[in-house]
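A quick write-up on the structure given underneath.
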Amino acid sequence: MNLVSLSGNLLYTAFIVYLIATLFFGGAIRSKKVERNNGKNKFATFGISLAIVGFVAQAGYFVTRWIAAGHVPVSNLFEFMTFFSLMLVGAFILLYFMYRLSSLGVFTLPIALLLIAYASMFPRDISPLIPALQSHWLYIHVTTTALGQAILAVSFAAGLIYLIKEVDQTKKGKRTFWLEVVLYSLVTTLAFVIITSSFRIADYEATFSWVDKHGEKAEAVYHLPALVGPNEHELVTGGKLSPLVEVPALINAAKLNTCIWSIIGGLILYVVLRLVLRRRLGEALKPLVRNANSELVDEISYRSVAIGFPIFTLGALIFAMIWAQIAWTRFWGWDPKEVWALITWLFYAAFLHLRLSKGWHGEKSAWLAVIGFAIIMFNLIAVNLILAGLHSYA
């Protein structure tokens, strides 16, 4: 077995182990024991043990892929998102031993699972680094950014637990509506995996010739039926769906098409879940957080931001600016990725300001944690996939 196959098997093993660990954490909650600091639960012990095993397996994937590639595997969307999930699980394990909250595992590990599944829908081949990425700053900038975002993602999981527990599901209103929107976004990610996997099994492929923003002919390959087409396109593959709409050259039409399919699939899957459960998703998840200590969850959410924010500042701003100055002779250029990194930084700076100066605790703080993660994922997915820029390596 070569290193590439071994790394893939280790990642698959980690995925399965995380899934089983989630079930054990769910069992810890269903045992009806109130969770406290330093509280012990047999299911929770098995759950955290499995999470550690999965983390070791995924770390093994990272190391073996690094050796096989000859460079740190964070150079494309598949590699970055799998590393992001690795850092997320590592942050969860650390915080679990600090707070012993089983419901944190029930919500954090599924996010890691979705990240791995989502990443697996993108090309997984190992390719040489393009000249722009052949720098030690790639390791420093990208890995530090991923670690900071992963710790901030734990804040999101804690905030989501708080909202599911505290939002009154017996009353319709803005709070229940926006909580459902958040849960729908997670369902959309799952729908993306299902749709992409289905068309991949069907071996769907449509090729378009089009004109890029420099006025040159280019080729785009679609692996989902085209709802939107590239600028001045021409369908090369016969017998495939013609696009309904044409988009400007600035936008990556193939990836926008994927996002649209994900949104549509998410709506369908969400409606199916609502029909099966016969209630809102937030209400269906409420039993999983019934025994969670709200004050403890709020503290975890805040501490995650307090730790993750300075790390994110180093990776996404300071190290990024140093590398930009070296590579492009300017530390700032208003590239879409740079702009959204700044927006993310400003938001979490405001989060800490409101928390420390204005006393925003509890539900207000939880909503901020959820919004912050939404900004991170928009930067990671929408900006990376749709807007063409210097950071479009996916």
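Order determines the names: the first chain of the structure tokens is A, the second B, and so forth; residues in each chain are numbered 1 upward, and ligands are numbered 1 upward as they are shown.
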Show me, as a PDB file with C-alpha atoms, in the first residue's frame, the residues that have an atom within 8 Å of range 25-29 of chain A when counting only C-alpha atoms, minus same-chain residues fewer than 3 positions from it.
ATOM      1  CA  ALA A  21     -17.778   8.773  19.219  1.00  0.00           C
ATOM      2  CA  THR A  22     -20.709  11.114  18.520  1.00  0.00           C
ATOM      3  CA  LYS A  32     -30.066  11.397  32.212  1.00  0.00           C
ATOM      4  CA  LYS A  33     -27.178  12.351  34.454  1.00  0.00           C
ATOM      5  CA  ASN A  41     -19.948   9.042  32.656  1.00  0.00           C
ATOM      6  CA  LYS A  42     -19.122   5.671  31.072  1.00  0.00           C
ATOM      7  CA  PHE A  43     -20.532   6.671  27.675  1.00  0.00           C
ATOM      8  CA  ALA A  44     -18.653   9.974  27.756  1.00  0.00           C
ATOM      9  CA  GLY A  47     -16.749   8.912  23.488  1.00  0.00           C
ATOM     10  CA  ILE A  48     -13.692  11.008  24.325  1.00  0.00           C
ATOM     11  CA  SER A 102     -20.830  15.706  26.548  1.00  0.00           C
ATOM     12  CA  SER A 103     -23.241  17.782  24.482  1.00  0.00           C
ATOM     13  CA  GLY A 105     -19.124  16.400  21.516  1.00  0.00           C
ATOM     14  CA  VAL A 106     -22.581  15.809  20.051  1.00  0.00           C
ATOM     15  CA  LEU A 288     -29.843  16.547  23.435  1.00  0.00           C
ATOM     16  CA  VAL A 289     -29.072  19.709  25.410  1.00  0.00           C
ATOM     17  CA  ASN A 291     -28.977  18.617  30.855  1.00  0.00           C
TER      18      ASN A 291
END
Show me, as a PDB file with N, CA and C atoms, in the first residue's frame, the residues that have an atom within 9 Å of Thr82 in chain A when counting only C-alpha atoms, minus same-chain residues fewer than 6 positions from it.
ATOM      1  N   LEU A  11      -7.836   8.736   6.903  1.00  0.00           N
ATOM      2  CA  LEU A  11      -8.882   9.765   6.968  1.00  0.00           C
ATOM      3  C   LEU A  11     -10.255   9.112   7.062  1.00  0.00           C
ATOM      4  N   GLN A  58      -6.464  10.762  12.087  1.00  0.00           N
ATOM      5  CA  GLN A  58      -6.474  11.874  11.132  1.00  0.00           C
ATOM      6  C   GLN A  58      -5.132  12.587  11.101  1.00  0.00           C
ATOM      7  N   PHE A  62      -2.643  13.224   7.889  1.00  0.00           N
ATOM      8  CA  PHE A  62      -1.984  14.483   7.565  1.00  0.00           C
ATOM      9  C   PHE A  62      -0.484  14.270   7.342  1.00  0.00           C
ATOM     10  N   VAL A  74      -1.989  21.621   2.721  1.00  0.00           N
ATOM     11  CA  VAL A  74      -3.012  22.657   2.965  1.00  0.00           C
ATOM     12  C   VAL A  74      -3.120  23.587   1.760  1.00  0.00           C
ATOM     13  N   ALA A 112     -17.161  18.481  12.420  1.00  0.00           N
ATOM     14  CA  ALA A 112     -15.928  17.928  11.848  1.00  0.00           C
ATOM     15  C   ALA A 112     -16.255  16.897  10.770  1.00  0.00           C
ATOM     16  N   LEU A 115     -17.298  18.714   7.647  1.00  0.00           N
ATOM     17  CA  LEU A 115     -16.145  19.318   6.988  1.00  0.00           C
ATOM     18  C   LEU A 115     -15.368  18.275   6.173  1.00  0.00           C
ATOM     19  N   ILE A 116     -15.168  17.089   6.751  1.00  0.00           N
ATOM     20  CA  ILE A 116     -14.451  16.035   6.030  1.00  0.00           C
ATOM     21  C   ILE A 116     -15.254  15.581   4.815  1.00  0.00           C
ATOM     22  N   ALA A 117     -16.559  15.371   5.013  1.00  0.00           N
ATOM     23  CA  ALA A 117     -17.413  14.926   3.903  1.00  0.00           C
ATOM     24  C   ALA A 117     -17.469  15.981   2.804  1.00  0.00           C
ATOM     25  N   ALA A 119     -15.194  18.309   2.184  1.00  0.00           N
ATOM     26  CA  ALA A 119     -13.881  18.376   1.536  1.00  0.00           C
ATOM     27  C   ALA A 119     -13.706  17.256   0.528  1.00  0.00           C
ATOM     28  N   SER A 120     -14.262  16.081   0.833  1.00  0.00           N
ATOM     29  CA  SER A 120     -14.078  14.917  -0.030  1.00  0.00           C
ATOM     30  C   SER A 120     -14.788  15.051  -1.369  1.00  0.00           C
TER      31      SER A 120
END
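For the pair CA of Gly229 in chain A and CA of Pro248 in chain A, the interatomic distance is 9.2 Å.
Shortest atom-to-atom contact with Gly265 in chain A among A:Ile195, A:Ala249, A:Val142, A:Ala369: A:Ile195, counting only C-alpha atoms.
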With only C-alpha atoms as the counted atoms, please give the residues lying no more than 9 Å from Leu342 in chain A, apart from itself and same-chain residues fewer than 4 positions off, as a PDB file with N, CA and C atoms, in the first residue's frame.
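Written out: result_11.pdb:
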ATOM      1  N   ALA A 316      -4.291  34.856  10.039  1.00  0.00           N
ATOM      2  CA  ALA A 316      -5.055  35.396   8.919  1.00  0.00           C
ATOM      3  C   ALA A 316      -4.695  36.837   8.575  1.00  0.00           C
ATOM      4  N   LEU A 317      -4.105  37.567   9.513  1.00  0.00           N
ATOM      5  CA  LEU A 317      -3.779  38.966   9.236  1.00  0.00           C
ATOM      6  C   LEU A 317      -2.268  39.228   9.258  1.00  0.00           C
ATOM      7  N   LYS A 337     -10.533  37.541  -0.553  1.00  0.00           N
ATOM      8  CA  LYS A 337     -10.196  36.745   0.624  1.00  0.00           C
ATOM      9  C   LYS A 337      -9.634  37.630   1.734  1.00  0.00           C
ATOM     10  N   GLU A 338      -8.828  38.603   1.365  1.00  0.00           N
ATOM     11  CA  GLU A 338      -8.255  39.524   2.347  1.00  0.00           C
ATOM     12  C   GLU A 338      -9.348  40.366   3.005  1.00  0.00           C
ATOM     13  N   LEU A 346     -12.725  41.919  12.411  1.00  0.00           N
ATOM     14  CA  LEU A 346     -13.474  43.029  12.998  1.00  0.00           C
ATOM     15  C   LEU A 346     -14.688  42.526  13.769  1.00  0.00           C
ATOM     16  N   PHE A 347     -15.342  41.483  13.234  1.00  0.00           N
ATOM     17  CA  PHE A 347     -16.523  40.957  13.920  1.00  0.00           C
ATOM     18  C   PHE A 347     -16.154  40.376  15.276  1.00  0.00           C
TER      19      PHE A 347
END
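The protein and nucleic acid residues lying at most 6 Å from range 158-164 of chain A are Ser155, Val167, Gly282, Lys286, Val297, Ser301, Ala366 and Ala369 of chain A, with only C-alpha atoms considered and sequence neighbours fewer than 3 positions away removed.
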For Thr144 in chain A, list every protein, DNA or RNA residue within 6 Å, evaluated using only C-alpha atoms, and leave out those in the same chain fewer than 3 positions away; present the list as a ChimeraX atom specification.
/A:141,147,315
Just-selected residues, all heavy atoms written as a short mmCIF file (atom, residue, chain, number, x, y, z; two decimals), in the first residue's frame:
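Result file is again_24.cif:
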data_model
loop_
_atom_site.label_atom_id
_atom_site.label_comp_id
_atom_site.auth_asym_id
_atom_site.auth_seq_id
_atom_site.Cartn_x
_atom_site.Cartn_y
_atom_site.Cartn_z
N HIS A 141 1.26 30.58 7.75
CA HIS A 141 0.02 31.34 7.57
C HIS A 141 -1.22 30.45 7.59
O HIS A 141 -2.15 30.68 8.37
CB HIS A 141 0.11 32.13 6.25
CG HIS A 141 -1.21 32.56 5.69
ND1 HIS A 141 -2.11 33.32 6.40
CD2 HIS A 141 -1.79 32.33 4.47
CE1 HIS A 141 -3.18 33.55 5.65
NE2 HIS A 141 -3.01 32.96 4.49
N LEU A 147 -6.06 26.79 12.67
CA LEU A 147 -6.16 26.55 14.11
C LEU A 147 -7.04 27.60 14.77
O LEU A 147 -7.92 27.27 15.59
CB LEU A 147 -4.77 26.57 14.75
CG LEU A 147 -4.72 26.42 16.28
CD1 LEU A 147 -5.38 25.13 16.72
CD2 LEU A 147 -3.29 26.50 16.78
N GLY A 315 -2.48 34.39 12.28
CA GLY A 315 -2.45 33.64 11.04
C GLY A 315 -3.06 34.35 9.86
O GLY A 315 -2.46 34.43 8.79
#
Using only C-alpha atoms, which of A:Phe55, A:Trp210, A:Phe80, A:Tyr184 sits nearest Arg274 in chain A?
A:Tyr184
Counting only C-alpha atoms, the option among A:Gln169, A:Ser365, A:Thr64, A:Ser5 closest to Ser294 in chain A:
A:Ser365
Taking the backbone alone, and naming residues the way the document does, which bits of range 174-312 of chain A are strand (DSSP E or B) by DSSP, as a PyMOL selection string?
chain A and resi 206-211+217-222+228-229+234-235+245-246+251
Keeping only C-alpha atoms, write the selected residues to a file as a CSV table (one decimal), in the first residue's frame.
chain,number,residue,atom,x,y,z
A,206,ALA,CA,-20.4,18.5,-19.1
A,207,THR,CA,-17.7,20.6,-20.7
A,208,PHE,CA,-18.1,24.3,-21.7
A,209,SER,CA,-15.8,26.6,-23.6
A,210,TRP,CA,-16.0,30.2,-22.4
A,211,VAL,CA,-14.2,33.6,-22.3
A,217,LYS,CA,-10.7,31.2,-24.3
A,218,ALA,CA,-11.0,28.8,-21.4
A,219,GLU,CA,-12.6,25.5,-20.6
A,220,ALA,CA,-14.9,24.6,-17.7
A,221,VAL,CA,-16.0,21.2,-16.6
A,222,TYR,CA,-19.3,20.7,-14.7
A,228,VAL,CA,-25.8,28.8,-14.5
A,229,GLY,CA,-23.2,29.0,-17.3
A,234,GLU,CA,-20.6,27.2,-25.6
A,235,LEU,CA,-21.6,23.7,-24.5
A,245,VAL,CA,-28.5,31.9,-16.8
A,246,GLU,CA,-25.0,33.2,-17.9
A,251,ILE,CA,-17.6,34.7,-11.1
How far is it from CA of Trp332 in chain A to CA of Ala350 in chain A, in Å with one decimal?
21.9 Å
Nearest to Thr258 in chain A by atom-to-atom distance, counting only C-alpha atoms, from A:Lys171, A:His223, A:His233, A:His353:
A:His223
